[in-house]
Every structure is written in C-alpha cells, then in structure tokens.
>>> print(open('target-v7.pdb').read())   # PDB, C-alpha atoms, pLDDT in the B column
ATOM      1  CA  MET A1325       0.000   0.000   0.000  1.00 94.00           C
ATOM      2  CA  ASP A1326       1.028   3.664  -0.369  1.00 97.00           C
ATOM      3  CA  VAL A1327       2.187   5.164   2.943  1.00 97.00           C
ATOM      4  CA  ALA A1328       3.170   8.656   4.110  1.00 97.00           C
ATOM      5  CA  VAL A1329       5.393   9.202   7.158  1.00 96.00           C
ATOM      6  CA  ALA A1330       5.539  12.288   9.398  1.00 96.00           C
ATOM      7  CA  ASP A1331       8.039  12.489  12.285  1.00 95.00           C
ATOM      8  CA  ASP A1332      10.424  15.219  13.401  1.00 93.00           C
ATOM      9  CA  GLY A1333      13.172  12.672  14.132  1.00 92.00           C
ATOM     10  CA  ALA A1334      15.266  12.123  10.999  1.00 92.00           C
ATOM     11  CA  LEU A1335      16.743   8.808  12.159  1.00 91.00           C
ATOM     12  CA  PHE A1336      13.345   7.348  13.024  1.00 92.00           C
ATOM     13  CA  ARG A1337      11.886   8.515   9.678  1.00 92.00           C
ATOM     14  CA  GLU A1338      14.692   6.848   7.777  1.00 92.00           C
ATOM     15  CA  GLY A1339      14.430   3.633   9.784  1.00 92.00           C
ATOM     16  CA  LEU A1340      10.665   3.469   9.322  1.00 93.00           C
ATOM     17  CA  GLN A1341      11.048   4.056   5.595  1.00 93.00           C
ATOM     18  CA  LEU A1342      13.428   1.078   5.388  1.00 93.00           C
ATOM     19  CA  LEU A1343      11.006  -1.124   7.356  1.00 92.00           C
ATOM     20  CA  LEU A1344       8.053  -0.135   5.165  1.00 94.00           C
ATOM     21  CA  SER A1345      10.022  -0.829   1.991  1.00 92.00           C
ATOM     22  CA  ALA A1346      11.118  -4.218   3.378  1.00 90.00           C
ATOM     23  CA  ALA A1347       7.446  -5.021   4.039  1.00 89.00           C
ATOM     24  CA  GLY A1348       6.629  -4.274   0.397  1.00 91.00           C
ATOM     25  CA  HIS A1349       4.949  -0.890   0.886  1.00 94.00           C
ATOM     26  CA  GLU A1350       5.548   2.240  -1.177  1.00 95.00           C
ATOM     27  CA  VAL A1351       6.640   5.263   0.884  1.00 96.00           C
ATOM     28  CA  VAL A1352       5.261   8.196  -1.092  1.00 96.00           C
ATOM     29  CA  GLY A1353       6.686  10.870   1.203  1.00 95.00           C
ATOM     30  CA  CYS A1354       8.545  11.519   4.481  1.00 95.00           C
ATOM     31  CA  VAL A1355       8.002  14.872   6.199  1.00 96.00           C
ATOM     32  CA  GLU A1356       8.872  16.548   9.519  1.00 94.00           C
ATOM     33  CA  ASP A1357       5.560  17.911  10.771  1.00 95.00           C
ATOM     34  CA  GLY A1358       1.785  17.993  10.455  1.00 95.00           C
ATOM     35  CA  ASP A1359       1.594  20.975   8.122  1.00 95.00           C
ATOM     36  CA  GLN A1360       3.937  19.297   5.638  1.00 96.00           C
ATOM     37  CA  LEU A1361       1.906  16.085   5.873  1.00 97.00           C
ATOM     38  CA  LEU A1362      -1.337  17.916   5.029  1.00 97.00           C
ATOM     39  CA  GLU A1363       0.408  19.555   2.086  1.00 96.00           C
ATOM     40  CA  LEU A1364       1.652  16.156   0.881  1.00 97.00           C
ATOM     41  CA  LEU A1365      -1.781  14.544   1.171  1.00 96.00           C
ATOM     42  CA  GLY A1366      -3.308  17.401  -0.779  1.00 95.00           C
ATOM     43  CA  SER A1367      -1.421  16.281  -3.881  1.00 95.00           C
ATOM     44  CA  THR A1368      -0.549  12.616  -3.288  1.00 95.00           C
ATOM     45  CA  PRO A1369      -3.101   9.854  -2.540  1.00 93.00           C
ATOM     46  CA  VAL A1370      -2.102   7.461   0.258  1.00 96.00           C
ATOM     47  CA  ASP A1371      -3.659   4.456   1.976  1.00 97.00           C
ATOM     48  CA  VAL A1372      -2.210   5.083   5.444  1.00 97.00           C
ATOM     49  CA  ALA A1373      -0.472   8.058   7.070  1.00 97.00           C
ATOM     50  CA  ILE A1374       1.928   7.286   9.936  1.00 97.00           C
ATOM     51  CA  MET A1375       2.749  10.068  12.387  1.00 96.00           C
ATOM     52  CA  ASP A1376       4.444  10.757  15.725  1.00 95.00           C
ATOM     53  CA  ILE A1377       1.973  11.888  18.393  1.00 94.00           C
ATOM     54  CA  ARG A1378       4.400  14.524  19.738  1.00 91.00           C
ATOM     55  CA  MET A1379       5.635  15.990  16.453  1.00 94.00           C
ATOM     56  CA  PRO A1380       5.177  19.683  15.534  1.00 92.00           C
ATOM     57  CA  PRO A1381       3.182  21.813  15.335  1.00 87.00           C
ATOM     58  CA  GLY A1382       2.419  22.022  19.060  1.00 79.00           C
ATOM     59  CA  LEU A1383       3.144  19.630  21.923  1.00 80.00           C
ATOM     60  CA  ASP A1384       0.891  16.810  20.720  1.00 85.00           C
ATOM     61  CA  GLY A1385       0.887  17.864  17.074  1.00 90.00           C
ATOM     62  CA  GLY A1386       0.342  14.343  15.797  1.00 93.00           C
ATOM     63  CA  LEU A1387      -3.101  14.144  17.394  1.00 94.00           C
ATOM     64  CA  ASP A1388      -4.095  17.545  16.018  1.00 95.00           C
ATOM     65  CA  THR A1389      -2.747  16.556  12.600  1.00 96.00           C
ATOM     66  CA  ALA A1390      -4.646  13.265  12.682  1.00 96.00           C
ATOM     67  CA  GLN A1391      -7.857  15.175  13.334  1.00 95.00           C
ATOM     68  CA  ARG A1392      -7.169  17.477  10.387  1.00 96.00           C
ATOM     69  CA  VAL A1393      -6.308  14.535   8.109  1.00 97.00           C
ATOM     70  CA  ARG A1394      -9.468  12.670   9.091  1.00 96.00           C
ATOM     71  CA  ALA A1395     -11.582  15.773   8.382  1.00 96.00           C
ATOM     72  CA  ARG A1396     -10.028  16.422   4.956  1.00 96.00           C
ATOM     73  CA  HIS A1397      -9.207  12.871   3.861  1.00 96.00           C
ATOM     74  CA  PRO A1398     -11.648  10.530   5.674  1.00 95.00           C
ATOM     75  CA  ASP A1399     -10.593   7.454   3.692  1.00 95.00           C
ATOM     76  CA  VAL A1400      -6.925   7.667   4.722  1.00 97.00           C
ATOM     77  CA  GLY A1401      -5.928   5.244   7.463  1.00 97.00           C
ATOM     78  CA  LEU A1402      -4.111   6.737  10.454  1.00 97.00           C
ATOM     79  CA  LEU A1403      -1.356   5.200  12.569  1.00 97.00           C
ATOM     80  CA  LEU A1404      -0.121   7.266  15.518  1.00 96.00           C
ATOM     81  CA  LEU A1405       3.099   6.363  17.288  1.00 95.00           C
ATOM     82  CA  SER A1406       4.532   7.344  20.681  1.00 92.00           C
ATOM     83  CA  GLN A1407       7.433   6.457  22.969  1.00 90.00           C
ATOM     84  CA  HIS A1408       5.225   5.467  25.926  1.00 86.00           C
ATOM     85  CA  ALA A1409       1.800   3.809  26.203  1.00 82.00           C
ATOM     86  CA  GLU A1410      -0.489   6.515  27.584  1.00 86.00           C
ATOM     87  CA  ALA A1411      -4.228   6.001  28.117  1.00 84.00           C
ATOM     88  CA  HIS A1412      -4.985   9.705  27.592  1.00 87.00           C
ATOM     89  CA  TYR A1413      -3.488   9.491  24.081  1.00 89.00           C
ATOM     90  CA  LEU A1414      -5.754   6.538  23.336  1.00 86.00           C
ATOM     91  CA  TYR A1415      -8.908   8.332  24.444  1.00 85.00           C
ATOM     92  CA  ARG A1416      -7.946  11.433  22.444  1.00 90.00           C
ATOM     93  CA  LEU A1417      -7.461   9.194  19.423  1.00 89.00           C
ATOM     94  CA  LEU A1418     -10.911   7.645  19.891  1.00 86.00           C
ATOM     95  CA  GLU A1419     -12.410  11.129  19.643  1.00 89.00           C
ATOM     96  CA  ILE A1420     -10.835  11.415  16.182  1.00 93.00           C
ATOM     97  CA  GLY A1421     -12.236   8.123  14.919  1.00 88.00           C
ATOM     98  CA  THR A1422     -12.835   4.444  15.611  1.00 85.00           C
ATOM     99  CA  GLU A1423     -12.212   2.948  12.168  1.00 90.00           C
ATOM    100  CA  ARG A1424      -9.045   2.771  10.040  1.00 93.00           C
ATOM    101  CA  ILE A1425      -7.006   4.152  12.936  1.00 94.00           C
ATOM    102  CA  GLY A1426      -4.343   2.824  15.287  1.00 94.00           C
ATOM    103  CA  TYR A1427      -2.063   3.693  18.205  1.00 94.00           C
ATOM    104  CA  ARG A1428       1.217   1.796  18.684  1.00 94.00           C
ATOM    105  CA  LEU A1429       4.514   2.226  20.506  1.00 92.00           C
ATOM    106  CA  LYS A1430       7.496   3.122  18.334  1.00 91.00           C
ATOM    107  CA  ASP A1431       9.679   0.297  19.613  1.00 89.00           C
ATOM    108  CA  GLN A1432       6.888  -2.238  19.012  1.00 86.00           C
ATOM    109  CA  VAL A1433       6.614  -1.475  15.276  1.00 86.00           C
ATOM    110  CA  ALA A1434      10.358  -1.853  14.774  1.00 81.00           C
ATOM    111  CA  GLY A1435       9.822  -5.250  13.150  1.00 83.00           C
ATOM    112  CA  VAL A1436       8.496  -5.920   9.651  1.00 87.00           C
ATOM    113  CA  ALA A1437       5.866  -8.476  10.758  1.00 88.00           C
ATOM    114  CA  VAL A1438       4.306  -6.274  13.466  1.00 89.00           C
ATOM    115  CA  LEU A1439       4.314  -3.177  11.271  1.00 91.00           C
ATOM    116  CA  ALA A1440       2.821  -5.066   8.319  1.00 90.00           C
ATOM    117  CA  ASP A1441       0.064  -6.605  10.503  1.00 91.00           C
ATOM    118  CA  THR A1442      -0.790  -3.190  11.960  1.00 93.00           C
ATOM    119  CA  LEU A1443      -1.064  -1.519   8.550  1.00 94.00           C
ATOM    120  CA  VAL A1444      -3.144  -4.344   7.063  1.00 93.00           C
ATOM    121  CA  ARG A1445      -5.610  -4.148   9.965  1.00 92.00           C
ATOM    122  CA  ILE A1446      -5.907  -0.366   9.703  1.00 95.00           C
ATOM    123  CA  ALA A1447      -6.384  -0.507   5.930  1.00 93.00           C
ATOM    124  CA  ALA A1448      -9.113  -3.118   6.500  1.00 92.00           C
ATOM    125  CA  GLY A1449     -11.020  -0.627   8.650  1.00 91.00           C
ATOM    126  CA  GLU A1450     -10.022  -1.865  12.109  1.00 89.00           C
ATOM    127  CA  LEU A1451      -9.233   0.030  15.281  1.00 88.00           C
ATOM    128  CA  VAL A1452      -5.728  -1.067  16.379  1.00 91.00           C
ATOM    129  CA  ILE A1453      -4.522  -0.449  19.934  1.00 89.00           C
ATOM    130  CA  GLU A1454      -1.082  -0.996  21.456  1.00 89.00           C
ATOM    131  CA  PRO A1455      -1.071  -4.379  23.284  1.00 86.00           C
ATOM    132  CA  ALA A1456       1.017  -2.973  26.155  1.00 82.00           C
ATOM    133  CA  LEU A1457      -1.704  -0.411  26.800  1.00 84.00           C
ATOM    134  CA  ALA A1458      -4.443  -3.056  26.652  1.00 82.00           C
ATOM    135  CA  VAL A1459      -2.555  -5.090  29.277  1.00 80.00           C
ATOM    136  CA  LYS A1460      -2.183  -1.953  31.421  1.00 78.00           C
ATOM    137  CA  LEU A1461      -5.916  -1.232  31.259  1.00 77.00           C
ATOM    138  CA  VAL A1462      -7.095  -4.791  31.937  1.00 79.00           C
ATOM    139  CA  ASP A1463      -4.500  -5.925  34.498  1.00 72.00           C
ATOM    140  CA  ARG A1464      -4.039  -2.816  36.616  1.00 65.00           C
ATOM    141  CA  PRO A1465      -5.348  -2.984  40.231  1.00 55.00           C
ATOM    142  CA  SER A1466      -9.021  -2.001  40.234  1.00 54.00           C
ATOM    143  CA  PRO A1467     -10.327   0.646  42.658  1.00 53.00           C
ATOM    144  CA  GLN A1468     -13.084  -1.868  43.314  1.00 52.00           C
ATOM    145  CA  ALA A1469     -11.347  -4.713  45.180  1.00 47.00           C
ATOM    146  CA  ARG A1470     -13.957  -7.246  44.121  1.00 56.00           C
ATOM    147  CA  GLY A1471     -15.362  -5.591  41.031  1.00 69.00           C
ATOM    148  CA  PRO A1472     -16.498  -7.449  37.895  1.00 77.00           C
ATOM    149  CA  LEU A1473     -12.965  -7.500  36.421  1.00 79.00           C
ATOM    150  CA  ALA A1474     -11.790  -9.542  39.399  1.00 81.00           C
ATOM    151  CA  ASP A1475     -14.449 -12.164  38.620  1.00 84.00           C
ATOM    152  CA  LEU A1476     -13.072 -12.909  35.155  1.00 87.00           C
ATOM    153  CA  THR A1477     -11.199 -16.163  34.599  1.00 90.00           C
ATOM    154  CA  ASP A1478      -7.620 -16.080  33.301  1.00 91.00           C
ATOM    155  CA  ARG A1479      -8.863 -17.053  29.849  1.00 93.00           C
ATOM    156  CA  GLU A1480     -11.537 -14.345  29.901  1.00 91.00           C
ATOM    157  CA  ARG A1481      -8.914 -11.759  30.875  1.00 88.00           C
ATOM    158  CA  ALA A1482      -6.731 -12.865  27.967  1.00 91.00           C
ATOM    159  CA  VAL A1483      -9.690 -12.483  25.596  1.00 91.00           C
ATOM    160  CA  LEU A1484     -10.527  -9.076  27.110  1.00 89.00           C
ATOM    161  CA  ARG A1485      -6.955  -7.836  26.561  1.00 88.00           C
ATOM    162  CA  LEU A1486      -7.148  -8.792  22.892  1.00 89.00           C
ATOM    163  CA  MET A1487     -10.583  -7.178  22.568  1.00 87.00           C
ATOM    164  CA  ALA A1488      -9.084  -3.995  24.045  1.00 84.00           C
ATOM    165  CA  GLU A1489      -6.436  -4.152  21.283  1.00 85.00           C
ATOM    166  CA  GLY A1490      -9.238  -4.048  18.731  1.00 83.00           C
ATOM    167  CA  ARG A1491      -8.809  -7.678  17.639  1.00 86.00           C
ATOM    168  CA  SER A1492     -11.652  -9.398  15.804  1.00 85.00           C
ATOM    169  CA  ASN A1493     -13.028 -12.765  16.974  1.00 89.00           C
ATOM    170  CA  ALA A1494     -10.951 -14.500  14.314  1.00 91.00           C
ATOM    171  CA  GLY A1495      -7.861 -12.545  15.390  1.00 89.00           C
ATOM    172  CA  ILE A1496      -8.405 -13.482  19.036  1.00 92.00           C
ATOM    173  CA  ALA A1497      -8.909 -17.131  18.070  1.00 95.00           C
ATOM    174  CA  THR A1498      -5.601 -17.135  16.172  1.00 94.00           C
ATOM    175  CA  GLU A1499      -3.686 -15.491  19.028  1.00 92.00           C
ATOM    176  CA  LEU A1500      -5.026 -17.878  21.697  1.00 94.00           C
ATOM    177  CA  PHE A1501      -5.201 -21.036  19.558  1.00 96.00           C
ATOM    178  CA  LEU A1502      -8.948 -21.332  20.077  1.00 95.00           C
ATOM    179  CA  SER A1503     -11.900 -21.850  17.771  1.00 95.00           C
ATOM    180  CA  VAL A1504     -13.981 -18.804  16.859  1.00 94.00           C
ATOM    181  CA  LYS A1505     -16.929 -20.479  18.627  1.00 95.00           C
ATOM    182  CA  SER A1506     -14.917 -20.709  21.857  1.00 95.00           C
ATOM    183  CA  VAL A1507     -13.964 -17.040  21.556  1.00 93.00           C
ATOM    184  CA  GLU A1508     -17.617 -16.080  21.070  1.00 91.00           C
ATOM    185  CA  LYS A1509     -18.523 -18.059  24.203  1.00 93.00           C
ATOM    186  CA  HIS A1510     -15.811 -16.317  26.256  1.00 92.00           C
ATOM    187  CA  ILE A1511     -16.899 -12.888  24.981  1.00 90.00           C
ATOM    188  CA  ALA A1512     -20.509 -13.615  25.929  1.00 89.00           C
ATOM    189  CA  GLY A1513     -19.322 -14.558  29.424  1.00 89.00           C
ATOM    190  CA  ILE A1514     -17.225 -11.371  29.714  1.00 88.00           C
ATOM    191  CA  PHE A1515     -20.076  -9.124  28.612  1.00 86.00           C
ATOM    192  CA  THR A1516     -22.447 -10.825  31.037  1.00 87.00           C
ATOM    193  CA  LYS A1517     -20.056 -10.371  33.973  1.00 86.00           C
ATOM    194  CA  LEU A1518     -19.322  -6.743  33.035  1.00 84.00           C
ATOM    195  CA  LYS A1519     -23.034  -6.106  32.366  1.00 82.00           C
ATOM    196  CA  LEU A1520     -22.352  -4.836  28.855  1.00 79.00           C
ATOM    197  CA  SER A1521     -24.750  -5.075  25.928  1.00 73.00           C
ATOM    198  CA  MET A1522     -23.647  -7.418  23.138  1.00 68.00           C
ATOM    199  CA  GLU A1523     -23.586  -5.977  19.603  1.00 61.00           C
ATOM    200  CA  PRO A1524     -22.219  -8.879  17.550  1.00 52.00           C
ATOM    201  CA  THR A1525     -22.677  -7.100  14.210  1.00 48.00           C
ATOM    202  CA  ALA A1526     -20.789  -3.949  15.230  1.00 57.00           C
ATOM    203  CA  HIS A1527     -17.196  -4.935  16.022  1.00 61.00           C
ATOM    204  CA  HIS A1528     -15.812  -1.430  16.629  1.00 64.00           C
ATOM    205  CA  ARG A1529     -18.760  -0.579  18.900  1.00 68.00           C
ATOM    206  CA  ARG A1530     -18.006  -3.676  20.947  1.00 72.00           C
ATOM    207  CA  VAL A1531     -14.374  -2.578  21.296  1.00 77.00           C
ATOM    208  CA  LEU A1532     -15.506   0.900  22.338  1.00 73.00           C
ATOM    209  CA  ALA A1533     -17.852  -0.596  24.939  1.00 73.00           C
ATOM    210  CA  VAL A1534     -14.932  -2.533  26.443  1.00 79.00           C
ATOM    211  CA  LEU A1535     -12.656   0.530  26.451  1.00 77.00           C
ATOM    212  CA  ALA A1536     -15.386   2.702  27.975  1.00 71.00           C
ATOM    213  CA  TYR A1537     -15.873   0.127  30.734  1.00 74.00           C
ATOM    214  CA  LEU A1538     -12.131  -0.053  31.431  1.00 75.00           C
ATOM    215  CA  ARG A1539     -11.955   3.740  31.495  1.00 72.00           C
ATOM    216  CA  SER A1540     -14.845   4.053  33.968  1.00 65.00           C
ATOM    217  CA  ASP A1541     -13.379   1.314  36.176  1.00 60.00           C
ATOM    218  CA  ARG A1542     -10.040   3.147  36.110  1.00 56.00           C
ATOM    219  CA  THR A1543     -11.617   6.351  37.435  1.00 53.00           C
ATOM    220  CA  ALA A1544     -14.035   4.709  39.899  1.00 51.00           C
ATOM    221  CA  GLY A1545     -13.555   4.761  43.606  1.00 45.00           C
TER
END
>>> encode(input="target-v7.pdb", output="structure tokens")
Amino acid sequence: MDVAVADDGALFREGLQLLLSAAGHEVVGCVEDGDQLLELLGSTPVDVAIMDIRMPPGLDGGLDTAQRVRARHPDVGLLLLSQHAEAHYLYRLLEIGTERIGYRLKDQVAGVAVLADTLVRIAAGELVIEPALAVKLVDRPSPQARGPLADLTDRERAVLRLMAEGRSNAGIATELFLSVKSVEKHIAGIFTKLKLSMEPTAHHRRVLAVLAYLRSDRTAG
C-alpha cells in the first residue's frame, strides 16, 4: 500500500522508511511535521499516514494533525506512534475516529511483521490499539477490590486484553489457539459479567464498549 510518514526525528523517519520498503509498501513521502503532511496529502493519494503523536506543530501535534487529516481525507488510514503507552493518548485518538485508525509504541513497530500486521488491519477498517496499553488497562489494580474484572477467569482476561487491542473474533482465536466459537462463548461470558450489551454485528462498537468500561473502572472509587 502507499504510505506517508511524518516524524520530526530524521533517524526514526529513515528507519521506518526502510522497514516499510522491506514489508513491500511504497513510501510516497517523508516529512517533519503535520503541516507538511497535510500539504503532501493534498497532492498525493495514500492508503495510510503514519505520524508521531508529539511531532510539531504544538506539543501533541500528531493528534491535532490526525484530526485534520481525518476531516479532509476521511478514507486515509491513520497510525499514531509514541514512545510510551499513555491512556490519555488513546482516548484522544478515539475522539478522532474508531475505524481505520491505530495507536502503537514506536519500539513495538520496529519489526516488519508487526508493522505489516498493523497496517493491514488499519487498511481493513479496524481500530488497532497498542497491546502494552491493553494489558495496562485490563491488568491494573481495580479501585473496586472485588469488582467485575476480578471475577473474570484467566482465559476471559486474555480475551478481554485482545478485545481492548481491537482484535476481531478470528484474530483473538488465532492469538489464543482457540476456535472462533470458543472465543464467542468467552466474549458472551465477559459481557455478562461486566453487564455490557452485546452488539455482535458492530465490532468497533463492541471494542468501544470494552474501552469505555475499562476507562470508567479506572476512574471509579
């Protein structure tokens, strides 16, 4: 696919360009900031734009740029990268969109396989979330000592982490070496215990429901 890269670090830009080329993607442009990226997209069609969350202009210029890109070029996939997994970045990103968008750590996309998988999922319309952040959200100590999260089995927690990453049922099944039917059964059990409404036909809404629950549990107490 055709990819644009925006990052104010020259070494990271060059390294990412090499990784993308090794994965078989065409890098149509590498720029230093959000304004240059918007200018590039105005004349060059791309499938996915990759950007650093903390690049110029501004402190979190990548998030502001992503919002501008989504408004002007709604069909372009967005991948935002940062040095650290921060929940507040994730929730800002969800305000920008919930389809064809992703948030990953820079050091986690430093391999061809991970980067290629992330881009394919975004191009397919998925919401992709950094696994380290999903683990942080699901496994952190809950303010409610015996809340619903504490009642989940180990397998259900593993499924919940992958749901929080934005994985589909088939993706979860592959990761955990389960059948899709088994995954569906675990998800039904999770949603019952967390008292969430099942929407089997709306994958991204289901992911959002999980993230909203984890966010509310994080701030409870």
>>> resolve_selection(input="target-v7.pdb", expression="the PyMOL selection byres ((chain A and resi 1376-1388) around 8)", output="list of chain:residue names")
A:Ala1330, A:Asp1331, A:Asp1332, A:Glu1356, A:Asp1357, A:Gly1358, A:Asp1359, A:Ile1374, A:Met1375, A:Thr1389, A:Ala1390, A:Gln1391, A:Arg1392, A:Leu1404, A:Leu1405, A:Ser1406, A:Arg1416, A:Leu1417
>>> closest_residue(input="target-v7.pdb", among="A:Glu1508, A:Asp1371, A:Glu1454, A:Asp1441", to="A:His1408", atoms="all atoms listed in the file")
A:Glu1454
>>> residues_around(input="target-v7.pdb", residues="A:Asp1399", least_positions_apart="2", cutoff="10 Å", atoms="all atoms listed in the file", output="ChimeraX atom specification")
/A:1370-1372,1393-1397,1401-1402,1423-1424,1447,1449
>>> atom_distance(input="target-v7.pdb", atom1="atom CA of A:Pro1369", atom2="atom CA of A:Leu1451")
21.3 Å
>>> residues_near_point(input="target-v7.pdb", point="(6.7, -2.8, 10.8)", cutoff="12 Å", atoms="only C-alpha atoms", output="VMD selection string")
chain A and resid 1339 to 1349 1374 1403 1405 1428 to 1444
